[in-house]
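Undergrad: Take this structure first; my questions come after.
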Amino acid sequence: MKKVAILGPNTFSEEATRHFLGNETFEYVPFKLISDVFTATASGETELAVIPVENTLEGSVHLHVDWLVHEVDLPIRAEWVFPIDMNLIGYPDSEGVQNLENPYGHIRKVLSHHVVPAQCSRFMKQYLSGAEFEQVSSTAEGVRITSALQDPTVAAIGTAIASTNYGVPILQKEIQDHKDNMTRFLLVGQEASELKASDQMKTTILVTLPDDHPGGLHQMLSAFAWRRINLSKIESRPTKKKLGNYYFYIDIAGSMDSVLLPAAIQEIEAIGCQVRVLGCYPSYQYQSQTNISEV
Ligand SMILES: O=C(O)C(=O)C[C@]1(C(=O)O)C=C[C@@H](O)C=C1
């Protein structure tokens, strides 16, 4: 059984991974810190890792993408998109004071993962403006601490499964700003896995433009444009080597098996761009029942 490192247990990462990879084919190894998820896989302790990289409301999780680019050499093997329903998890007001305007006015501290305030900003502004936000390593860690403290002034935002497993009630369901809040996860690792085919293949590349090459970005993009290759994401990030130096993180709809994509890459290399392929992999969309590990 291949081992998969995940941020967990009781996190959205675990929920999403179990949904897509099922409970039979892989062994899940939970880690408290996302850095440990990466290093466990880089060191060979686990074959694969699951990394959240992007959210509908928050955009890219730069910290995680930067790890993938700068700290480890783990090809992308698959991606999936999973719906994220945030829950306010805590204890009701112990004094039984019914504040009709704000039933959560007794909460003074909220514990969760750092991406959560951007996903629940409206609810937090309306009901939790009197509470301090404290960042913890995952949403589940916030629920675990809330459970240990048993203090109604401390609450967490996390998964329904964390509420059940740590025995802390859900005070309010679905507190994310949009009903269709989604997070994109990458499956990465040196070992390829047999997964169900997807009719959507993606390729992720990193491109560094040559210095002093006016119009370089335009030339690079036109290599894709005239071949009608669809770029689903392009983002510039610092190379971390020199101030003002950037690379482009590019998601391409298409496979390296096609004739067009390798030709486009050759063309941009010919103008002096450096190209690193992070992976060519199947992309899966959420359906209420999706197990991609049955081949
Ligand atoms: O803390 C968790 O539950 C996670 O799985 C991490 C994470 C993330 O890093 O984006 C995953 C999905 C949600 O967007 C919120 C948090």
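By convention in this document, the chains of the structure tokens carry letters A, B, ... by their order, each chain's residues are numbered from 1, and ligands are numbered from 1 in the order they are shown.
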For ligand 1, return the neighbouring residues as a ChimeraX atom specification (distance at most 9 Å; only C-alpha atoms and all ligand atoms).

TA: /A:6-16,34,51-58,60-61,64,82-86,112-116,119,136-142,158-159,181-185

Undergrad: Pull C-alpha atoms from the residues just selected and write them as a tab-separated table (two decimals), in the first residue's frame.

TA:
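Written output follows (part_34.tsv):
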```tsv
chain	number	residue	atom	x	y	z
A	6	ILE	CA	-1.50	14.64	4.45
A	7	LEU	CA	-2.02	17.60	6.75
A	8	GLY	CA	-4.22	16.06	9.41
A	9	PRO	CA	-6.06	14.28	10.83
A	10	ASN	CA	-9.60	15.68	10.60
A	11	THR	CA	-8.67	18.42	8.11
A	12	PHE	CA	-10.12	19.45	4.77
A	13	SER	CA	-7.00	17.89	3.20
A	14	GLU	CA	-7.97	14.53	4.68
A	15	GLU	CA	-11.63	14.87	3.64
A	16	ALA	CA	-10.69	15.76	0.09
A	34	ILE	CA	2.50	21.21	6.02
A	51	ILE	CA	-0.85	19.83	-0.90
A	52	PRO	CA	-3.62	22.49	-0.92
A	53	VAL	CA	-2.52	25.12	-3.45
A	54	GLU	CA	-5.42	27.37	-4.36
A	55	ASN	CA	-8.81	28.49	-3.11
A	56	THR	CA	-11.74	30.18	-4.86
A	57	LEU	CA	-11.87	33.01	-2.35
A	58	GLU	CA	-8.24	33.32	-1.29
A	60	SER	CA	-2.99	30.74	-4.39
A	61	VAL	CA	-1.58	29.47	-1.12
A	64	HIS	CA	2.74	25.85	-0.31
A	82	PHE	CA	-12.95	19.86	-3.50
A	83	PRO	CA	-15.82	21.91	-1.98
A	84	ILE	CA	-14.97	23.52	1.36
A	85	ASP	CA	-17.76	24.10	3.88
A	86	MET	CA	-16.46	25.98	6.90
A	112	SER	CA	-7.86	28.22	12.61
A	113	HIS	CA	-5.57	27.85	9.60
A	114	HIS	CA	-4.21	31.11	8.14
A	115	VAL	CA	-6.23	30.81	4.89
A	116	VAL	CA	-9.56	30.71	6.76
A	119	GLN	CA	-12.75	32.44	3.17
A	136	VAL	CA	-2.67	27.41	14.06
A	137	SER	CA	-1.15	24.75	11.78
A	138	SER	CA	-4.47	23.41	10.44
A	139	THR	CA	-8.21	23.86	10.92
A	140	ALA	CA	-8.28	20.56	12.85
A	141	GLU	CA	-5.58	21.73	15.24
A	142	GLY	CA	-7.84	24.67	16.16
A	158	GLY	CA	-13.00	23.70	10.66
A	159	THR	CA	-14.50	20.49	9.33
A	181	ASN	CA	-16.05	27.68	-1.97
A	182	MET	CA	-13.52	25.26	-3.52
A	183	THR	CA	-9.90	24.36	-2.84
A	184	ARG	CA	-7.50	22.84	-5.36
A	185	PHE	CA	-5.20	20.09	-4.09
```

Undergrad: Taking 2 positions as the minimum chain separation for residues in the same chain, which residues sit within 6 Å of region 74-81 of chain A when counting only C-alpha atoms? Answer as a list in words.

TA: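 The neighbour list is Val72, Thr183, Arg184, Phe185, Leu186, Leu187, Val188, Gly189, Gln190, Leu278, Gly279, Tyr281, Pro282, Ser283, Tyr284, Gln285 and Tyr286 of chain A.
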
Undergrad: Identify all residues of region 208-252 of chain A in strand (DSSP E or B) (DSSP on the backbone) and supply them as an MDAnalysis selection string.

TA: chainID A and resid 208 230:238 246:252

Undergrad: For CA of Leu128 (chain A) and CA of Pro152 (chain A), determine how far apart the two atoms are, in Å to one decimal place.

TA: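 Going from CA of Leu128 (chain A) over to CA of Pro152 (chain A) covers 13.4 Å.
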
Undergrad: I'd like to know which residues of region 138-174 of chain A are helix (DSSP H, G or I) (by DSSP, run on the backbone); could you write them as a PyMOL selection string?

TA: chain A and resi 139-149+160-166

Undergrad: Go ahead and save the residues from that selection, with N, CA and C atoms, as a PDB file, in the first residue's frame.

TA:
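Final output, again00.pdb:
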```pdb
ATOM      1  N   THR A 139      -6.887  23.608  10.341  1.00  0.00           N
ATOM      2  CA  THR A 139      -8.212  23.862  10.920  1.00  0.00           C
ATOM      3  C   THR A 139      -8.475  22.861  12.055  1.00  0.00           C
ATOM      4  N   ALA A 140      -8.033  21.605  11.849  1.00  0.00           N
ATOM      5  CA  ALA A 140      -8.281  20.557  12.849  1.00  0.00           C
ATOM      6  C   ALA A 140      -7.543  20.836  14.155  1.00  0.00           C
ATOM      7  N   GLU A 141      -6.352  21.411  14.036  1.00  0.00           N
ATOM      8  CA  GLU A 141      -5.579  21.726  15.237  1.00  0.00           C
ATOM      9  C   GLU A 141      -6.349  22.749  16.095  1.00  0.00           C
ATOM     10  N   GLY A 142      -7.023  23.688  15.432  1.00  0.00           N
ATOM     11  CA  GLY A 142      -7.839  24.668  16.159  1.00  0.00           C
ATOM     12  C   GLY A 142      -8.961  23.985  16.928  1.00  0.00           C
ATOM     13  N   VAL A 143      -9.592  22.992  16.305  1.00  0.00           N
ATOM     14  CA  VAL A 143     -10.703  22.284  16.964  1.00  0.00           C
ATOM     15  C   VAL A 143     -10.156  21.436  18.125  1.00  0.00           C
ATOM     16  N   ARG A 144      -9.000  20.830  17.895  1.00  0.00           N
ATOM     17  CA  ARG A 144      -8.391  20.008  18.962  1.00  0.00           C
ATOM     18  C   ARG A 144      -8.083  20.876  20.203  1.00  0.00           C
ATOM     19  N   ILE A 145      -7.524  22.060  19.971  1.00  0.00           N
ATOM     20  CA  ILE A 145      -7.185  22.940  21.102  1.00  0.00           C
ATOM     21  C   ILE A 145      -8.472  23.414  21.795  1.00  0.00           C
ATOM     22  N   THR A 146      -9.481  23.766  20.997  1.00  0.00           N
ATOM     23  CA  THR A 146     -10.768  24.207  21.554  1.00  0.00           C
ATOM     24  C   THR A 146     -11.336  23.118  22.465  1.00  0.00           C
ATOM     25  N   SER A 147     -11.234  21.883  22.017  1.00  0.00           N
ATOM     26  CA  SER A 147     -11.750  20.764  22.795  1.00  0.00           C
ATOM     27  C   SER A 147     -10.962  20.600  24.100  1.00  0.00           C
ATOM     28  N   ALA A 148      -9.647  20.770  24.027  1.00  0.00           N
ATOM     29  CA  ALA A 148      -8.820  20.609  25.227  1.00  0.00           C
ATOM     30  C   ALA A 148      -9.114  21.719  26.238  1.00  0.00           C
ATOM     31  N   LEU A 149      -9.399  22.928  25.747  1.00  0.00           N
ATOM     32  CA  LEU A 149      -9.598  24.061  26.662  1.00  0.00           C
ATOM     33  C   LEU A 149     -10.984  24.061  27.311  1.00  0.00           C
ATOM     34  N   ALA A 160     -16.625  19.390   9.707  1.00  0.00           N
ATOM     35  CA  ALA A 160     -17.657  18.730  10.516  1.00  0.00           C
ATOM     36  C   ALA A 160     -17.075  17.489  11.188  1.00  0.00           C
ATOM     37  N   ILE A 161     -16.143  16.811  10.501  1.00  0.00           N
ATOM     38  CA  ILE A 161     -15.572  15.584  11.062  1.00  0.00           C
ATOM     39  C   ILE A 161     -14.713  15.904  12.296  1.00  0.00           C
ATOM     40  N   ALA A 162     -14.055  17.062  12.299  1.00  0.00           N
ATOM     41  CA  ALA A 162     -13.264  17.461  13.478  1.00  0.00           C
ATOM     42  C   ALA A 162     -14.207  17.737  14.646  1.00  0.00           C
ATOM     43  N   SER A 163     -15.363  18.353  14.357  1.00  0.00           N
ATOM     44  CA  SER A 163     -16.352  18.599  15.406  1.00  0.00           C
ATOM     45  C   SER A 163     -16.775  17.278  16.050  1.00  0.00           C
ATOM     46  N   THR A 164     -17.066  16.283  15.224  1.00  0.00           N
ATOM     47  CA  THR A 164     -17.498  14.972  15.734  1.00  0.00           C
ATOM     48  C   THR A 164     -16.355  14.303  16.504  1.00  0.00           C
ATOM     49  N   ASN A 165     -15.178  14.239  15.879  1.00  0.00           N
ATOM     50  CA  ASN A 165     -14.085  13.465  16.488  1.00  0.00           C
ATOM     51  C   ASN A 165     -13.495  14.114  17.736  1.00  0.00           C
ATOM     52  N   TYR A 166     -13.549  15.436  17.844  1.00  0.00           N
ATOM     53  CA  TYR A 166     -13.033  16.092  19.059  1.00  0.00           C
ATOM     54  C   TYR A 166     -14.156  16.440  20.039  1.00  0.00           C
TER      55      TYR A 166
END
```

Undergrad: Rounded to one decimal, what separation in Å do you get between CA of Ser232 (chain A) and CA of Thr39 (chain A)?

TA: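 Answer for the CA of Ser232 (chain A) to CA of Thr39 (chain A) separation: 28.5 Å.
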
Undergrad: What lies within 7 Å of Glu47 (chain A) using only C-alpha atoms, ignoring chain neighbours under 3 positions off, as a list of chain:residue names?

TA: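 Counting only the stated atoms, we get A:Lys2, A:Lys3, A:Val4, A:Thr41, A:Gly44, A:Gly189, A:Gln190, A:Glu191.
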
Undergrad: Write the selection just made, keeping C-alpha atoms, as a PDB file, in the first residue's frame?

TA:
```pdb
ATOM      1  CA  LYS A   2       1.453   3.358  -0.982  1.00  0.00           C
ATOM      2  CA  LYS A   3       1.711   5.913   1.786  1.00  0.00           C
ATOM      3  CA  VAL A   4       0.296   9.392   1.296  1.00  0.00           C
ATOM      4  CA  THR A  41       7.670  12.662   0.908  1.00  0.00           C
ATOM      5  CA  GLY A  44      10.956   8.809   1.041  1.00  0.00           C
ATOM      6  CA  GLY A 189       5.624  12.528  -5.320  1.00  0.00           C
ATOM      7  CA  GLN A 190       8.503  10.746  -7.005  1.00  0.00           C
ATOM      8  CA  GLU A 191       6.381   7.607  -7.466  1.00  0.00           C
TER       9      GLU A 191
END
```

Undergrad: Give the answer as one residue: which of A:Leu63, A:Val259, A:Ile107, A:Cys273 has the shortest atom-to-atom distance to Gly216 (chain A), using only C-alpha atoms?

TA: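 So, comparing all the options, the nearest one is A:Cys273.
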
Undergrad: If I take CA of Pro169 (chain A) and CA of Asn87 (chain A), how far is one from the other in Å, to one decimal?

TA: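 If I compute the distance from CA of Pro169 (chain A) to CA of Asn87 (chain A), I get 9.7 Å.
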